[in-house]
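Structure first, then comments.
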Amino acid sequence: MDNNDILRQLRYALNINDAIMVEIFRLAGHEIEPSRVTVLLKKEDEEGFVHCGNALFGYFLDGLIIYKRGRRETKPGETKKPDPRLTNNAILKKLRIALELKEDAILAVLKLADVDISKPAMTALFRKEGHKNYRECGDQFLRKFLRGLSLRYRT
(Lines give C-alpha, C1' and ligand atoms only; values in the text may rest on other atoms or scores of the structure.)
Protein backbone atom coordinates (compact mmCIF):
# COMPACT_ATOMS: atom_id res chain seq x y z
CA MET A 1 0.00 0.00 0.00
CA ASP A 2 1.29 3.47 -0.88
CA ASN A 3 2.41 5.71 2.03
CA ASN A 4 0.56 8.69 0.53
CA ASP A 5 -2.71 6.71 0.56
CA ILE A 6 -2.19 5.67 4.17
CA LEU A 7 -1.36 9.26 5.13
CA ARG A 8 -4.57 10.53 3.50
CA GLN A 9 -6.70 7.84 5.13
CA LEU A 10 -5.19 8.46 8.58
CA ARG A 11 -5.68 12.19 8.20
CA TYR A 12 -9.35 11.62 7.38
CA ALA A 13 -9.94 8.92 10.03
CA LEU A 14 -8.35 10.91 12.85
CA ASN A 15 -9.65 14.29 11.64
CA ILE A 16 -6.17 15.85 11.45
CA ASN A 17 -5.71 19.24 9.76
CA ASP A 18 -2.53 20.59 8.10
CA ALA A 19 -1.38 22.48 11.22
CA ILE A 20 -1.64 19.34 13.34
CA MET A 21 0.20 17.32 10.68
CA VAL A 22 3.07 19.84 10.74
CA GLU A 23 3.12 19.54 14.56
CA ILE A 24 3.15 15.71 14.36
CA PHE A 25 6.20 15.77 12.06
CA ARG A 26 7.88 18.33 14.34
CA LEU A 27 7.34 16.13 17.41
CA ALA A 28 9.30 13.37 15.67
CA GLY A 29 12.15 15.78 14.98
CA HIS A 30 11.35 16.57 11.35
CA GLU A 31 10.52 20.11 10.29
CA ILE A 32 8.09 20.28 7.38
CA GLU A 33 6.37 23.18 5.67
CA PRO A 34 2.55 23.23 5.41
CA SER A 35 2.89 23.42 1.61
CA ARG A 36 4.87 20.16 1.65
CA VAL A 37 2.09 18.48 3.65
CA THR A 38 -0.40 19.58 1.00
CA VAL A 39 1.56 17.95 -1.84
CA LEU A 40 2.01 14.73 0.17
CA LEU A 41 -1.77 14.47 0.44
CA LYS A 42 -2.35 14.75 -3.31
CA LYS A 43 -3.29 11.68 -5.32
CA GLU A 44 -0.81 10.21 -7.74
CA ASP A 45 -2.63 11.53 -10.82
CA GLU A 46 -2.89 15.09 -9.45
CA GLU A 47 -0.49 17.84 -10.47
CA GLY A 48 2.22 18.49 -7.87
CA PHE A 49 2.08 14.97 -6.37
CA VAL A 50 5.16 14.11 -4.27
CA HIS A 51 5.83 10.55 -3.11
CA CYS A 52 6.01 10.07 0.66
CA GLY A 53 9.06 7.89 1.29
CA ASN A 54 9.41 5.40 4.12
CA ALA A 55 11.69 7.68 6.16
CA LEU A 56 9.26 10.60 5.97
CA PHE A 57 6.26 8.39 6.71
CA GLY A 58 8.19 6.88 9.63
CA TYR A 59 8.58 10.40 11.07
CA PHE A 60 4.82 10.87 10.79
CA LEU A 61 4.05 7.61 12.58
CA ASP A 62 6.59 8.29 15.33
CA GLY A 63 5.23 11.82 15.72
CA LEU A 64 1.68 10.47 15.87
CA ILE A 65 2.69 8.23 18.78
CA ILE A 66 4.14 11.24 20.62
CA TYR A 67 1.14 13.43 19.72
CA LYS A 68 -1.40 10.89 21.00
CA ARG A 69 0.48 9.43 23.98
CA GLY A 70 3.20 11.90 24.93
CA ARG A 71 6.95 11.60 24.77
CA ARG A 72 8.35 8.40 26.21
CA GLU A 73 10.74 8.69 29.11
CA THR A 74 14.13 7.27 28.23
CA LYS A 75 16.19 5.46 30.79
CA PRO A 76 19.80 6.51 31.42
CA GLY A 77 22.07 4.94 28.81
CA GLU A 78 19.14 3.91 26.60
CA THR A 79 19.38 4.85 22.96
CA LYS A 80 16.67 4.75 20.37
CA LYS A 81 17.09 1.81 18.03
CA PRO A 82 16.64 2.58 14.36
CA ASP A 83 13.31 1.41 13.01
CA PRO A 84 13.33 -1.69 10.90
CA ARG A 85 12.06 -1.31 7.36
CA LEU A 86 8.55 0.10 7.23
CA THR A 87 6.27 -2.83 6.40
CA ASN A 88 2.51 -3.07 6.73
CA ASN A 89 3.10 -4.96 9.99
CA ALA A 90 5.28 -2.12 11.34
CA ILE A 91 2.65 0.45 10.32
CA LEU A 92 -0.05 -1.58 12.07
CA LYS A 93 2.10 -1.82 15.22
CA LYS A 94 2.78 1.91 15.31
CA LEU A 95 -0.91 2.70 14.86
CA ARG A 96 -1.75 0.26 17.64
CA ILE A 97 0.68 2.04 19.94
CA ALA A 98 -0.38 5.56 18.95
CA LEU A 99 -4.09 4.89 19.37
CA GLU A 100 -3.60 2.71 22.47
CA LEU A 101 -5.57 -0.15 20.91
CA LYS A 102 -5.81 -3.38 22.87
CA GLU A 103 -6.72 -6.69 21.22
CA ASP A 104 -10.45 -6.27 21.72
CA ALA A 105 -10.39 -2.73 20.32
CA ILE A 106 -8.49 -3.88 17.22
CA LEU A 107 -10.99 -6.70 16.70
CA ALA A 108 -13.84 -4.18 17.05
CA VAL A 109 -12.23 -1.85 14.48
CA LEU A 110 -11.84 -4.76 12.08
CA LYS A 111 -15.41 -5.85 12.67
CA LEU A 112 -16.58 -2.36 11.61
CA ALA A 113 -14.80 -2.98 8.30
CA ASP A 114 -16.44 -6.43 7.95
CA VAL A 115 -13.26 -8.36 8.76
CA ASP A 116 -13.76 -11.41 10.92
CA ILE A 117 -10.44 -12.59 12.36
CA SER A 118 -9.53 -14.66 15.39
CA LYS A 119 -7.34 -13.33 18.21
CA PRO A 120 -4.46 -15.73 17.42
CA ALA A 121 -4.51 -14.75 13.73
CA MET A 122 -4.53 -11.07 14.68
CA THR A 123 -1.72 -11.37 17.24
CA ALA A 124 0.39 -13.14 14.61
CA LEU A 125 0.49 -9.81 12.76
CA PHE A 126 2.25 -8.20 15.75
CA ARG A 127 4.95 -10.85 16.18
CA LYS A 128 8.56 -10.27 15.18
CA GLU A 129 9.46 -11.24 11.66
CA GLY A 130 11.06 -14.68 11.82
CA HIS A 131 8.87 -15.88 14.73
CA LYS A 132 7.20 -19.20 13.92
CA ASN A 133 3.72 -17.67 14.25
CA TYR A 134 4.52 -14.44 12.37
CA ARG A 135 2.03 -13.53 9.66
CA GLU A 136 2.57 -10.85 7.04
CA CYS A 137 0.00 -8.06 6.90
CA GLY A 138 -1.28 -7.65 3.38
CA ASP A 139 -2.32 -4.43 1.69
CA GLN A 140 -5.99 -5.41 1.71
CA PHE A 141 -5.93 -6.11 5.46
CA LEU A 142 -4.26 -2.76 6.21
CA ARG A 143 -6.74 -0.99 3.92
CA LYS A 144 -9.67 -2.55 5.79
CA PHE A 145 -8.10 -1.68 9.15
CA LEU A 146 -7.84 1.96 8.07
CA ARG A 147 -11.45 1.82 6.86
CA GLY A 148 -12.47 0.50 10.30
CA LEU A 149 -10.58 3.36 11.97
CA SER A 150 -12.50 5.83 9.80
CA LEU A 151 -15.78 4.26 10.82
CA ARG A 152 -14.81 4.25 14.51
CA TYR A 153 -13.49 7.79 14.78
CA ARG A 154 -15.64 9.64 12.21
CA THR A 155 -19.15 8.35 13.01
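Lettering and numbering for the C-alpha coordinates are positional, with chains as A, B, ... in the shown order, residues counted from 1 in each chain, and ligands counted from 1 in the shown order.
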
Q) If you run DSSP on the backbone, which residues of chain A are helix (DSSP H, G or I), as a PyMOL selection string? A) chain A and resi 3-13+18-27+34-40+54-69+88-98+103-112+119-124+139-154

(Q) Report as a PyMOL selection string all protein, DNA and RNA residues lying within 12 Å of A:Leu101, evaluated on only C-alpha atoms, omitting residues in the same chain fewer than 3 positions from it. (A) chain A and resi 65+68-69+92-98+104-110+149

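Each of A:Ile6, A:Arg11, A:Asp114, A:Leu56 was compared to A:His30 using only C-alpha atoms, and A:Leu56 turns out to be the nearest.
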
Q) With distances taken over only C-alpha atoms, which of A:Leu142, A:Cys137, A:Ile16, A:Ala124 is nearest to A:Leu64? A)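 The closest residue to A:Leu64 is A:Ile16.
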
Q. Using only C-alpha atoms, which residue out of A:Gly29, A:Gly138, A:Gly148, A:Pro120 lies closest to A:Gly63?
A. A:Gly29

**Q.** Closest of A:Asn17, A:Asn88, A:Asn4, A:Ser118 to A:Phe141 - atom-to-atom distances counting only C-alpha atoms
**A.** A:Asn88

**Q.** atom CA of A:Thr155 to atom CA of A:Asn15, straight-line distance in Å
**A.** 11.3 Å
